[in-house]
file coords11.pdb (PDB, C-alpha atoms and all ligand atoms)
ATOM      1  CA  MET A  23     -81.384  51.546 -21.313
ATOM      2  CA  THR A  24     -81.262  48.532 -23.591
ATOM      3  CA  LEU A  25     -78.908  48.233 -26.543
ATOM      4  CA  GLY A  26     -81.464  48.137 -29.355
ATOM      5  CA  PRO A  27     -83.063  51.548 -28.778
ATOM      6  CA  TRP A  28     -79.743  53.098 -27.726
ATOM      7  CA  LEU A  29     -78.145  52.050 -31.029
ATOM      8  CA  ALA A  30     -81.044  53.518 -33.016
ATOM      9  CA  THR A  31     -80.859  56.878 -31.225
ATOM     10  CA  ALA A  32     -77.058  56.992 -31.299
ATOM     11  CA  GLU A  33     -76.989  56.296 -35.030
ATOM     12  CA  GLU A  34     -79.453  59.114 -35.628
ATOM     13  CA  ARG A  35     -77.525  61.612 -33.526
ATOM     14  CA  LEU A  36     -74.226  60.701 -35.189
ATOM     15  CA  ALA A  37     -75.817  61.175 -38.621
ATOM     16  CA  GLU A  38     -77.122  64.613 -37.539
ATOM     17  CA  ALA A  39     -73.562  65.489 -36.517
ATOM     18  CA  GLY A  40     -72.406  64.713 -40.074
ATOM     19  CA  ILE A  41     -70.748  61.381 -39.293
ATOM     20  CA  GLU A  42     -71.275  58.985 -42.191
ATOM     21  CA  SER A  43     -70.452  55.683 -40.554
ATOM     22  CA  GLY A  44     -72.704  56.363 -37.562
ATOM     23  CA  ARG A  45     -74.328  52.948 -37.417
ATOM     24  CA  LEU A  46     -71.027  51.121 -37.292
ATOM     25  CA  GLU A  47     -69.514  53.588 -34.830
ATOM     26  CA  ALA A  48     -72.497  53.313 -32.470
ATOM     27  CA  GLN A  49     -72.033  49.547 -32.443
ATOM     28  CA  VAL A  50     -68.300  49.887 -31.812
ATOM     29  CA  LEU A  51     -68.881  52.326 -28.928
ATOM     30  CA  ALA A  52     -71.459  50.044 -27.323
ATOM     31  CA  GLY A  53     -69.139  47.063 -27.695
ATOM     32  CA  HIS A  54     -66.286  49.054 -26.162
ATOM     33  CA  ILE A  55     -68.390  49.956 -23.123
ATOM     34  CA  LEU A  56     -69.592  46.381 -22.603
ATOM     35  CA  GLY A  57     -66.247  44.780 -23.430
ATOM     36  CA  VAL A  58     -67.733  42.685 -26.231
ATOM     37  CA  ASP A  59     -67.390  42.631 -30.020
ATOM     38  CA  ARG A  60     -69.803  44.030 -32.575
ATOM     39  CA  THR A  61     -71.323  40.654 -33.409
ATOM     40  CA  TRP A  62     -72.351  40.271 -29.778
ATOM     41  CA  VAL A  63     -73.810  43.799 -29.752
ATOM     42  CA  LEU A  64     -75.941  43.015 -32.799
ATOM     43  CA  ALA A  65     -77.148  39.731 -31.346
ATOM     44  CA  HIS A  66     -78.240  41.194 -27.964
ATOM     45  CA  PRO A  67     -80.563  44.183 -28.465
ATOM     46  CA  GLU A  68     -82.118  43.433 -25.069
ATOM     47  CA  ALA A  69     -78.825  43.793 -23.131
ATOM     48  CA  THR A  70     -78.490  46.702 -20.707
ATOM     49  CA  LEU A  71     -76.064  49.495 -21.477
ATOM     50  CA  PRO A  72     -74.713  51.772 -18.698
ATOM     51  CA  GLU A  73     -76.478  54.891 -19.857
ATOM     52  CA  ALA A  74     -74.318  57.660 -18.383
ATOM     53  CA  ARG A  75     -71.081  56.186 -19.740
ATOM     54  CA  ALA A  76     -72.612  55.518 -23.149
ATOM     55  CA  GLY A  77     -73.977  59.067 -23.290
ATOM     56  CA  ALA A  78     -70.612  60.563 -22.394
ATOM     57  CA  LEU A  79     -68.730  58.668 -25.106
ATOM     58  CA  LEU A  80     -71.409  59.418 -27.679
ATOM     59  CA  ALA A  81     -71.221  63.139 -26.822
ATOM     60  CA  ARG A  82     -67.458  63.108 -27.427
ATOM     61  CA  ARG A  83     -67.920  61.527 -30.837
ATOM     62  CA  ILE A  84     -70.698  64.013 -31.710
ATOM     63  CA  ARG A  85     -68.205  66.794 -30.978
ATOM     64  CA  ARG A  86     -66.150  65.053 -33.709
ATOM     65  CA  GLU A  87     -63.445  63.630 -31.484
ATOM     66  CA  PRO A  88     -61.967  60.745 -33.510
ATOM     67  CA  LEU A  89     -63.227  57.289 -32.584
ATOM     68  CA  ALA A  90     -59.665  56.021 -32.124
ATOM     69  CA  TYR A  91     -58.978  58.571 -29.368
ATOM     70  CA  ILE A  92     -62.223  57.657 -27.617
ATOM     71  CA  LEU A  93     -61.442  53.942 -27.765
ATOM     72  CA  GLY A  94     -57.730  54.478 -27.113
ATOM     73  CA  TYR A  95     -56.559  52.236 -29.923
ATOM     74  CA  ARG A  96     -56.514  51.644 -33.685
ATOM     75  CA  GLU A  97     -55.642  48.558 -35.697
ATOM     76  CA  PHE A  98     -52.667  48.750 -38.059
ATOM     77  CA  TYR A  99     -51.303  45.925 -40.191
ATOM     78  CA  GLY A 100     -53.312  43.416 -38.169
ATOM     79  CA  ARG A 101     -52.180  44.584 -34.739
ATOM     80  CA  ARG A 102     -53.743  46.818 -32.120
ATOM     81  CA  PHE A 103     -51.840  50.031 -31.324
ATOM     82  CA  LEU A 104     -52.572  52.304 -28.392
ATOM     83  CA  VAL A 105     -53.159  55.888 -29.434
ATOM     84  CA  SER A 106     -53.573  59.138 -27.535
ATOM     85  CA  PRO A 107     -54.084  62.719 -28.729
ATOM     86  CA  ALA A 108     -50.276  63.033 -28.606
ATOM     87  CA  VAL A 109     -49.977  60.903 -31.759
ATOM     88  CA  LEU A 110     -51.376  60.786 -35.258
ATOM     89  CA  ILE A 111     -53.993  58.060 -35.666
ATOM     90  CA  PRO A 112     -52.624  55.248 -37.861
ATOM     91  CA  ARG A 113     -53.981  55.368 -41.437
ATOM     92  CA  GLN A 114     -54.572  52.413 -43.681
ATOM     93  CA  GLU A 115     -52.624  54.001 -46.555
ATOM     94  CA  THR A 116     -49.499  53.846 -44.391
ATOM     95  CA  GLU A 117     -49.609  50.052 -44.787
ATOM     96  CA  THR A 118     -48.337  50.719 -48.338
ATOM     97  CA  LEU A 119     -45.104  51.972 -46.807
ATOM     98  CA  VAL A 120     -44.844  48.859 -44.608
ATOM     99  CA  GLU A 121     -45.295  46.614 -47.624
ATOM    100  CA  ALA A 122     -42.724  48.475 -49.698
ATOM    101  CA  ALA A 123     -40.196  48.132 -46.859
ATOM    102  CA  ILE A 124     -40.928  44.463 -46.196
ATOM    103  CA  ALA A 125     -40.458  43.734 -49.901
ATOM    104  CA  LEU A 126     -36.750  44.542 -49.440
ATOM    105  CA  GLY A 127     -36.345  41.061 -47.921
ATOM    106  CA  SER A 128     -35.088  39.917 -44.550
ATOM    107  CA  THR A 129     -31.345  40.575 -44.724
ATOM    108  CA  PRO A 130     -30.187  42.311 -41.514
ATOM    109  CA  MET A 131     -30.267  46.105 -41.877
ATOM    110  CA  ALA A 132     -30.079  49.234 -39.755
ATOM    111  CA  VAL A 133     -33.482  50.880 -40.049
ATOM    112  CA  LEU A 134     -34.690  54.273 -38.874
ATOM    113  CA  ASP A 135     -38.333  55.303 -38.449
ATOM    114  CA  LEU A 136     -38.253  59.090 -38.505
ATOM    115  CA  GLY A 137     -41.257  60.661 -36.750
ATOM    116  CA  THR A 138     -42.523  57.413 -35.285
ATOM    117  CA  GLY A 139     -45.632  58.844 -33.551
ATOM    118  CA  SER A 140     -47.545  55.849 -32.213
ATOM    119  CA  GLY A 141     -44.671  53.633 -33.352
ATOM    120  CA  ILE A 142     -46.625  51.767 -36.023
ATOM    121  CA  LEU A 143     -43.837  51.691 -38.612
ATOM    122  CA  ALA A 144     -40.964  50.829 -36.272
ATOM    123  CA  VAL A 145     -42.922  48.199 -34.348
ATOM    124  CA  THR A 146     -44.510  46.589 -37.403
ATOM    125  CA  LEU A 147     -41.190  46.398 -39.279
ATOM    126  CA  LYS A 148     -39.382  44.895 -36.281
ATOM    127  CA  LEU A 149     -42.103  42.255 -35.863
ATOM    128  CA  GLU A 150     -42.255  41.439 -39.581
ATOM    129  CA  ARG A 151     -38.467  41.524 -40.027
ATOM    130  CA  PRO A 152     -36.904  40.464 -36.688
ATOM    131  CA  ALA A 153     -33.345  40.570 -38.075
ATOM    132  CA  TRP A 154     -33.608  44.318 -38.653
ATOM    133  CA  ASP A 155     -32.088  46.653 -36.099
ATOM    134  CA  VAL A 156     -34.807  49.281 -35.722
ATOM    135  CA  THR A 157     -34.483  52.776 -34.257
ATOM    136  CA  ALA A 158     -37.557  54.987 -33.846
ATOM    137  CA  LEU A 159     -37.269  58.702 -33.284
ATOM    138  CA  ASP A 160     -39.677  61.516 -32.637
ATOM    139  CA  VAL A 161     -39.436  65.159 -31.600
ATOM    140  CA  SER A 162     -42.324  64.654 -29.156
ATOM    141  CA  LEU A 163     -41.581  62.956 -25.834
ATOM    142  CA  THR A 164     -45.264  62.173 -25.226
ATOM    143  CA  ALA A 165     -45.440  60.508 -28.637
ATOM    144  CA  LEU A 166     -42.307  58.462 -27.873
ATOM    145  CA  MET A 167     -43.914  57.264 -24.662
ATOM    146  CA  VAL A 168     -46.913  55.977 -26.632
ATOM    147  CA  ALA A 169     -44.606  54.301 -29.161
ATOM    148  CA  GLN A 170     -42.611  52.673 -26.379
ATOM    149  CA  GLN A 171     -45.779  51.329 -24.758
ATOM    150  CA  ASN A 172     -46.787  49.829 -28.099
ATOM    151  CA  ALA A 173     -43.373  48.246 -28.597
ATOM    152  CA  GLU A 174     -43.543  46.674 -25.145
ATOM    153  CA  ALA A 175     -47.146  45.505 -25.499
ATOM    154  CA  LEU A 176     -46.428  43.902 -28.874
ATOM    155  CA  GLY A 177     -42.999  42.542 -27.943
ATOM    156  CA  ALA A 178     -40.965  44.526 -30.462
ATOM    157  CA  ASP A 179     -37.338  45.241 -29.580
ATOM    158  CA  VAL A 180     -37.018  48.802 -30.888
ATOM    159  CA  ARG A 181     -34.570  51.517 -29.820
ATOM    160  CA  PHE A 182     -36.127  54.938 -29.125
ATOM    161  CA  CYS A 183     -34.564  58.329 -29.536
ATOM    162  CA  LEU A 184     -35.850  61.830 -28.781
ATOM    163  CA  SER A 185     -34.708  63.911 -31.726
ATOM    164  CA  ASP A 186     -35.780  66.705 -34.030
ATOM    165  CA  ALA A 187     -35.309  64.868 -37.336
ATOM    166  CA  PHE A 188     -31.637  63.749 -37.492
ATOM    167  CA  ALA A 189     -30.380  66.275 -34.917
ATOM    168  CA  ALA A 190     -29.690  63.904 -31.986
ATOM    169  CA  LEU A 191     -28.463  60.929 -34.009
ATOM    170  CA  GLY A 192     -24.805  61.894 -34.187
ATOM    171  CA  GLU A 193     -22.842  60.036 -36.838
ATOM    172  CA  ARG A 194     -25.111  56.998 -37.062
ATOM    173  CA  THR A 195     -26.091  55.890 -40.542
ATOM    174  CA  PHE A 196     -28.797  53.564 -41.803
ATOM    175  CA  ASP A 197     -29.578  51.179 -44.645
ATOM    176  CA  LEU A 198     -33.239  52.128 -44.669
ATOM    177  CA  ILE A 199     -35.060  55.227 -43.452
ATOM    178  CA  VAL A 200     -38.846  55.086 -43.407
ATOM    179  CA  THR A 201     -40.969  58.105 -42.631
ATOM    180  CA  ASN A 202     -44.555  59.280 -42.731
ATOM    181  CA  PRO A 203     -43.733  62.928 -42.146
ATOM    182  CA  PRO A 204     -46.083  65.873 -41.716
ATOM    183  CA  TYR A 205     -47.120  66.847 -45.254
ATOM    184  CA  ILE A 206     -50.230  69.029 -45.032
ATOM    185  CA  GLY A 207     -50.065  72.703 -45.951
ATOM    186  CA  VAL A 208     -51.029  75.113 -43.184
ATOM    187  CA  GLY A 209     -54.544  76.341 -43.979
ATOM    188  CA  GLU A 210     -55.561  73.328 -46.108
ATOM    189  CA  PRO A 211     -59.172  72.362 -45.309
ATOM    190  CA  LEU A 212     -59.370  69.367 -42.982
ATOM    191  CA  MET A 213     -62.107  67.257 -41.418
ATOM    192  CA  PRO A 214     -62.862  68.437 -37.861
ATOM    193  CA  GLU A 215     -61.613  65.084 -36.539
ATOM    194  CA  VAL A 216     -58.197  65.819 -38.005
ATOM    195  CA  GLY A 217     -57.830  69.595 -37.725
ATOM    196  CA  GLN A 218     -59.268  69.959 -34.238
ATOM    197  CA  PHE A 219     -57.936  66.826 -32.565
ATOM    198  CA  GLU A 220     -54.784  65.382 -34.137
ATOM    199  CA  PRO A 221     -51.392  66.905 -33.199
ATOM    200  CA  SER A 222     -50.427  69.839 -35.463
ATOM    201  CA  LEU A 223     -46.801  68.765 -35.241
ATOM    202  CA  ALA A 224     -47.685  65.489 -36.957
ATOM    203  CA  LEU A 225     -49.798  67.117 -39.683
ATOM    204  CA  PHE A 226     -48.418  70.395 -40.945
ATOM    205  CA  ALA A 227     -45.295  71.165 -42.924
ATOM    206  CA  GLY A 228     -45.129  74.813 -43.914
ATOM    207  CA  PRO A 229     -47.467  76.749 -46.208
ATOM    208  CA  THR A 230     -47.613  74.103 -48.952
ATOM    209  CA  GLY A 231     -46.803  70.907 -47.048
ATOM    210  CA  PHE A 232     -43.301  70.405 -48.451
ATOM    211  CA  SER A 233     -41.095  71.876 -45.743
ATOM    212  CA  PHE A 234     -40.357  68.567 -44.035
ATOM    213  CA  TYR A 235     -39.478  66.877 -47.334
ATOM    214  CA  GLU A 236     -37.127  69.785 -48.061
ATOM    215  CA  ARG A 237     -35.422  69.182 -44.769
ATOM    216  CA  LEU A 238     -35.130  65.438 -45.397
ATOM    217  CA  ALA A 239     -33.704  66.089 -48.852
ATOM    218  CA  ALA A 240     -31.104  68.475 -47.433
ATOM    219  CA  GLU A 241     -30.067  66.431 -44.383
ATOM    220  CA  GLY A 242     -30.842  62.806 -45.181
ATOM    221  CA  LEU A 243     -28.285  61.772 -47.770
ATOM    222  CA  ARG A 244     -25.368  61.574 -45.348
ATOM    223  CA  LYS A 245     -27.472  59.507 -42.958
ATOM    224  CA  LEU A 246     -27.683  56.645 -45.458
ATOM    225  CA  ASN A 247     -25.142  53.875 -45.920
ATOM    226  CA  GLY A 248     -23.987  53.091 -49.480
ATOM    227  CA  GLY A 249     -26.923  51.481 -51.311
ATOM    228  CA  GLY A 250     -29.279  52.836 -48.652
ATOM    229  CA  ARG A 251     -32.857  53.854 -49.340
ATOM    230  CA  MET A 252     -35.315  56.307 -47.898
ATOM    231  CA  MET A 253     -39.033  55.495 -48.227
ATOM    232  CA  MET A 254     -41.479  58.311 -47.577
ATOM    233  CA  GLU A 255     -45.221  58.486 -47.466
ATOM    234  CA  VAL A 256     -46.517  61.464 -49.466
ATOM    235  CA  GLY A 257     -49.826  63.296 -49.741
ATOM    236  CA  HIS A 258     -52.132  62.149 -52.533
ATOM    237  CA  THR A 259     -51.006  64.902 -54.948
ATOM    238  CA  GLN A 260     -47.361  65.192 -53.897
ATOM    239  CA  ALA A 261     -45.484  62.185 -55.315
ATOM    240  CA  ALA A 262     -44.005  63.771 -58.453
ATOM    241  CA  ASP A 263     -43.072  67.023 -56.723
ATOM    242  CA  VAL A 264     -41.420  65.197 -53.840
ATOM    243  CA  ALA A 265     -39.423  62.984 -56.213
ATOM    244  CA  ASN A 266     -38.232  66.078 -58.141
ATOM    245  CA  LEU A 267     -37.314  67.875 -54.971
ATOM    246  CA  PHE A 268     -35.016  64.995 -53.973
ATOM    247  CA  VAL A 269     -33.486  64.621 -57.438
ATOM    248  CA  GLU A 270     -32.635  68.339 -57.394
ATOM    249  CA  GLN A 271     -30.739  67.742 -54.134
ATOM    250  CA  GLY A 272     -28.635  64.965 -55.685
ATOM    251  CA  TRP A 273     -30.691  61.916 -54.735
ATOM    252  CA  VAL A 274     -31.674  59.074 -57.055
ATOM    253  CA  HIS A 275     -35.418  58.458 -57.427
ATOM    254  CA  PHE A 276     -35.874  54.675 -57.453
ATOM    255  CA  ASP A 277     -39.591  54.128 -57.313
ATOM    256  CA  THR A 278     -43.048  55.466 -56.539
ATOM    257  CA  VAL A 279     -45.540  53.000 -55.060
ATOM    258  CA  ALA A 280     -49.333  53.348 -55.213
ATOM    259  CA  ASP A 281     -51.763  52.399 -52.457
ATOM    260  CA  LEU A 282     -54.697  50.003 -52.927
ATOM    261  CA  SER A 283     -56.821  52.752 -54.489
ATOM    262  CA  GLY A 284     -54.116  53.478 -57.077
ATOM    263  CA  THR A 285     -52.946  56.750 -55.514
ATOM    264  CA  PRO A 286     -49.141  57.234 -55.496
ATOM    265  CA  ARG A 287     -48.319  57.065 -51.780
ATOM    266  CA  VAL A 288     -44.695  56.118 -51.281
ATOM    267  CA  VAL A 289     -41.631  57.704 -52.870
ATOM    268  CA  VAL A 290     -38.408  55.713 -52.705
ATOM    269  CA  VAL A 291     -35.141  57.612 -53.032
ATOM    270  CA  GLY A 292     -31.519  56.858 -52.248
ATOM    271  CA  ARG A 293     -27.910  57.512 -53.042
TER     272      ARG A 293
HETATM  273  N1  LIG B 301     -45.225  57.264 -38.138
HETATM  274  C1  LIG B 301     -46.519  57.539 -37.583
HETATM  275  C2  LIG B 301     -47.598  57.116 -38.562
HETATM  276  O1  LIG B 301     -47.317  56.741 -39.656
HETATM  277  C3  LIG B 301     -46.661  59.006 -37.260
HETATM  278  C4  LIG B 301     -46.617  59.901 -38.454
HETATM  279  C5  LIG B 301     -46.724  61.364 -38.088
HETATM  280  O2  LIG B 301     -46.891  61.702 -36.920
HETATM  281  N2  LIG B 301     -46.669  62.220 -39.084
HETATM  282  O3  LIG B 301     -48.764  57.132 -38.237
END

call {"tool": "encode", "arguments": {"input": "coords11.pdb", "output": "structure tokens"}}
result
Amino acid sequence: MTLGPWLATAEERLAEAGIESGRLEAQVLAGHILGVDRTWVLAHPEATLPEARAGALLARRIRREPLAYILGYREFYGRRFLVSPAVLIPRQETETLVEAAIALGSTPMAVLDLGTGSGILAVTLKLERPAWDVTALDVSLTALMVAQQNAEALGADVRFCLSDAFAALGERTFDLIVTNPPYIGVGEPLMPEVGQFEPSLALFAGPTGFSFYERLAAEGLRKLNGGGRMMMEVGHTQAADVANLFVEQGWVHFDTVADLSGTPRVVVVGR
């Protein structure tokens, strides 16, 4: 089959499946199969597309499997990260957390990425701030393996640690802890792409989505060096409640940072 008609049919079928960006996604899938970019796809409607392979990938997307899992990667902060169903797909709003951390300057620091998943925070911070000593931990071994692959592929010298939150860290302390923890309440309505495909461990935190923050508030203070900071991503309605929760546990609330759409996304606390 040639590209032109395939794209038209694929776009239609994706729209019927309730996928809004169907045109773009059809082009990306075709480009992925042919090993070319979208511009090339658009310029060559007469090119031949291997029909069975294209049909198989399209069927996966119609069943609402996220595009990033089908492609096997997602861009984050200008770099390509491998992803698998073992890890949360990187979100653009998490770049707010990267920017808040980078704004601290380039003085050497001990940094911890708690719940690293695909490794986006640890790897990006190490590459943007090479003087930082970066440790990435996760409770999931399969996630850590993805993160490690990303660190190697992108040339980031990051230390990895299998740990349930701070449990396996011993007495080590840090100047900066960054985390994009699970913060969705069990039972909250989710897009099929998220609820049916992304790892529950990375998404859910108790009935209202606060249980992981509660744990961080209880355990995190003694993991910070004097003057240390913890920067957390929060759900779009959670910033004030998370800040209060930490203040009640004896932390200082330093700042709340909004993402590009103006939604408060990062809460900065410390001792
Ligand atoms: N740190 C990773 C990210 O920001 C994983 C987060 C998670 O699994 N909750 O995408």

call {"tool": "resolve_selection", "arguments": {"input": "coords11.pdb", "expression": "the PyMOL selection byres (((chain A and resi 232) around 9) and not hetatm)", "output": "list in words"}}
result
Pro204, Tyr205, Ile206, Gly207, Ala227, Gly228, Pro229, Thr230, Gly231, Ser233, Phe234, Tyr235, Glu236, Arg237, Gln260, Asp263 and Val264 of chain A

call {"tool": "residues_near_ligand", "arguments": {"input": "coords11.pdb", "ligand": "ligand LIG 301 (chain B)", "cutoff": "7 Å", "atoms": "all atoms listed in the file", "output": "list in words"}}
result
Val109, Leu110, Ile111, Pro112, Arg113, Thr116, Gly137, Thr138, Gly139, Ser140, Gly141, Ile142, Leu143, Thr201, Asn202, Pro203, Pro204, Ala224 and Leu225 of chain A

call {"tool": "resolve_selection", "arguments": {"input": "coords11.pdb", "expression": "the PyMOL selection byres (((chain A and resi 287-290) around 9) and not hetatm)", "output": "ChimeraX atom specification"}}
result
/A:115-116,118-119,122,251-262,264-265,274-281,284-286,291-292

call {"tool": "write_last_selection", "arguments": {"input": "coords11.pdb", "atoms": "C-alpha atoms", "output": "mmCIF file, in the frame of the given file"}}
result
data_model
loop_
_atom_site.group_PDB
_atom_site.id
_atom_site.type_symbol
_atom_site.label_atom_id
_atom_site.label_comp_id
_atom_site.auth_asym_id
_atom_site.auth_seq_id
_atom_site.Cartn_x
_atom_site.Cartn_y
_atom_site.Cartn_z
ATOM 1 C CA GLU A 115 -52.624 54.001 -46.555
ATOM 2 C CA THR A 116 -49.499 53.846 -44.391
ATOM 3 C CA THR A 118 -48.337 50.719 -48.338
ATOM 4 C CA LEU A 119 -45.104 51.972 -46.807
ATOM 5 C CA ALA A 122 -42.724 48.475 -49.698
ATOM 6 C CA ARG A 251 -32.857 53.854 -49.340
ATOM 7 C CA MET A 252 -35.315 56.307 -47.898
ATOM 8 C CA MET A 253 -39.033 55.495 -48.227
ATOM 9 C CA MET A 254 -41.479 58.311 -47.577
ATOM 10 C CA GLU A 255 -45.221 58.486 -47.466
ATOM 11 C CA VAL A 256 -46.517 61.464 -49.466
ATOM 12 C CA GLY A 257 -49.826 63.296 -49.741
ATOM 13 C CA HIS A 258 -52.132 62.149 -52.533
ATOM 14 C CA THR A 259 -51.006 64.902 -54.948
ATOM 15 C CA GLN A 260 -47.361 65.192 -53.897
ATOM 16 C CA ALA A 261 -45.484 62.185 -55.315
ATOM 17 C CA ALA A 262 -44.005 63.771 -58.453
ATOM 18 C CA VAL A 264 -41.420 65.197 -53.840
ATOM 19 C CA ALA A 265 -39.423 62.984 -56.213
ATOM 20 C CA VAL A 274 -31.674 59.074 -57.055
ATOM 21 C CA HIS A 275 -35.418 58.458 -57.427
ATOM 22 C CA PHE A 276 -35.874 54.675 -57.453
ATOM 23 C CA ASP A 277 -39.591 54.128 -57.313
ATOM 24 C CA THR A 278 -43.048 55.466 -56.539
ATOM 25 C CA VAL A 279 -45.540 53.000 -55.060
ATOM 26 C CA ALA A 280 -49.333 53.348 -55.213
ATOM 27 C CA ASP A 281 -51.763 52.399 -52.457
ATOM 28 C CA GLY A 284 -54.116 53.478 -57.077
ATOM 29 C CA THR A 285 -52.946 56.750 -55.514
ATOM 30 C CA PRO A 286 -49.141 57.234 -55.496
ATOM 31 C CA VAL A 291 -35.141 57.612 -53.032
ATOM 32 C CA GLY A 292 -31.519 56.858 -52.248
#

call {"tool": "residues_around", "arguments": {"input": "coords11.pdb", "residues": "Ala175 in chain A", "least_positions_apart": "5", "cutoff": "12 Å", "atoms": "only C-alpha atoms", "output": "list in words"}}
result
Arg101, Arg102, Phe103, Leu104, Gly141, Val145, Leu149, Val168, Ala169, Gln170 and Val180 of chain A

call {"tool": "axis_aligned_box", "arguments": {"input": "coords11.pdb", "around": "range 187-191 of chain A", "padding_each_side": "3 Å", "output": "AutoDock Vina command-line options"}}
result
--center_x -31.9 --center_y 63.6 --center_z -34.7 --size_x 12.8 --size_y 11.3 --size_z 11.5

call {"tool": "atom_distance", "arguments": {"input": "coords11.pdb", "atom1": "CA of Gly248 in chain A", "atom2": "CA of Thr195 in chain A"}}
result
9.6 Å

call {"tool": "residues_near_point", "arguments": {"input": "coords11.pdb", "point": "(-39.6, 54.9, -34.0)", "cutoff": "12 Å", "atoms": "all atoms listed in the file", "output": "ChimeraX atom specification"}}
result
/A:133-148,155-163,165-173,178-185,187,199-202

call {"tool": "atom_distance", "arguments": {"input": "coords11.pdb", "atom1": "CA of Ser128 in chain A", "atom2": "CA of Ala153 in chain A"}}
result
6.7 Å

call {"tool": "decode", "arguments": {"input": "coords11.pdb", "residues": "range 197-202 of chain A", "atoms": "all heavy atoms", "output": "mmCIF file, in the first residue's frame"}}
result
data_model
loop_
_atom_site.group_PDB
_atom_site.id
_atom_site.type_symbol
_atom_site.label_atom_id
_atom_site.label_comp_id
_atom_site.auth_asym_id
_atom_site.auth_seq_id
_atom_site.Cartn_x
_atom_site.Cartn_y
_atom_site.Cartn_z
ATOM 1 N N ASP A 197 21.941 17.198 49.123
ATOM 2 C CA ASP A 197 21.686 18.644 49.097
ATOM 3 C C ASP A 197 20.391 18.946 48.349
ATOM 4 O O ASP A 197 19.751 19.962 48.586
ATOM 5 C CB ASP A 197 22.848 19.365 48.393
ATOM 6 C CG ASP A 197 24.168 19.064 49.072
ATOM 7 O OD1 ASP A 197 24.265 19.331 50.287
ATOM 8 O OD2 ASP A 197 25.089 18.539 48.401
ATOM 9 N N LEU A 198 20.054 18.052 47.422
ATOM 10 C CA LEU A 198 18.831 18.257 46.646
ATOM 11 C C LEU A 198 18.180 16.901 46.387
ATOM 12 O O LEU A 198 18.845 15.966 45.943
ATOM 13 C CB LEU A 198 19.169 18.922 45.297
ATOM 14 C CG LEU A 198 18.011 19.030 44.298
ATOM 15 C CD1 LEU A 198 16.925 19.966 44.814
ATOM 16 C CD2 LEU A 198 18.523 19.522 42.928
ATOM 17 N N ILE A 199 16.897 16.821 46.693
ATOM 18 C CA ILE A 199 16.110 15.633 46.322
ATOM 19 C C ILE A 199 15.063 16.106 45.323
ATOM 20 O O ILE A 199 14.330 17.064 45.595
ATOM 21 C CB ILE A 199 15.441 14.988 47.550
ATOM 22 C CG1 ILE A 199 16.494 14.521 48.559
ATOM 23 C CG2 ILE A 199 14.555 13.806 47.116
ATOM 24 C CD1 ILE A 199 15.935 14.034 49.887
ATOM 25 N N VAL A 200 15.029 15.468 44.166
ATOM 26 C CA VAL A 200 13.959 15.767 43.206
ATOM 27 C C VAL A 200 13.095 14.521 43.083
ATOM 28 O O VAL A 200 13.594 13.393 43.157
ATOM 29 C CB VAL A 200 14.503 16.152 41.807
ATOM 30 C CG1 VAL A 200 15.226 17.480 41.850
ATOM 31 C CG2 VAL A 200 15.385 15.064 41.219
ATOM 32 N N THR A 201 11.799 14.725 42.909
ATOM 33 C CA THR A 201 10.930 13.567 42.748
ATOM 34 C C THR A 201 9.636 13.936 42.026
ATOM 35 O O THR A 201 9.074 15.007 42.240
ATOM 36 C CB THR A 201 10.615 12.912 44.122
ATOM 37 O OG1 THR A 201 9.785 11.757 43.905
ATOM 38 C CG2 THR A 201 9.901 13.857 45.067
ATOM 39 N N ASN A 202 9.249 13.046 41.130
ATOM 40 C CA ASN A 202 7.934 13.123 40.494
ATOM 41 C C ASN A 202 7.195 11.865 40.949
ATOM 42 O O ASN A 202 7.139 10.880 40.239
ATOM 43 C CB ASN A 202 8.088 13.154 38.968
ATOM 44 C CG ASN A 202 6.740 13.147 38.279
ATOM 45 O OD1 ASN A 202 5.720 13.486 38.874
ATOM 46 N ND2 ASN A 202 6.725 12.746 37.013
#
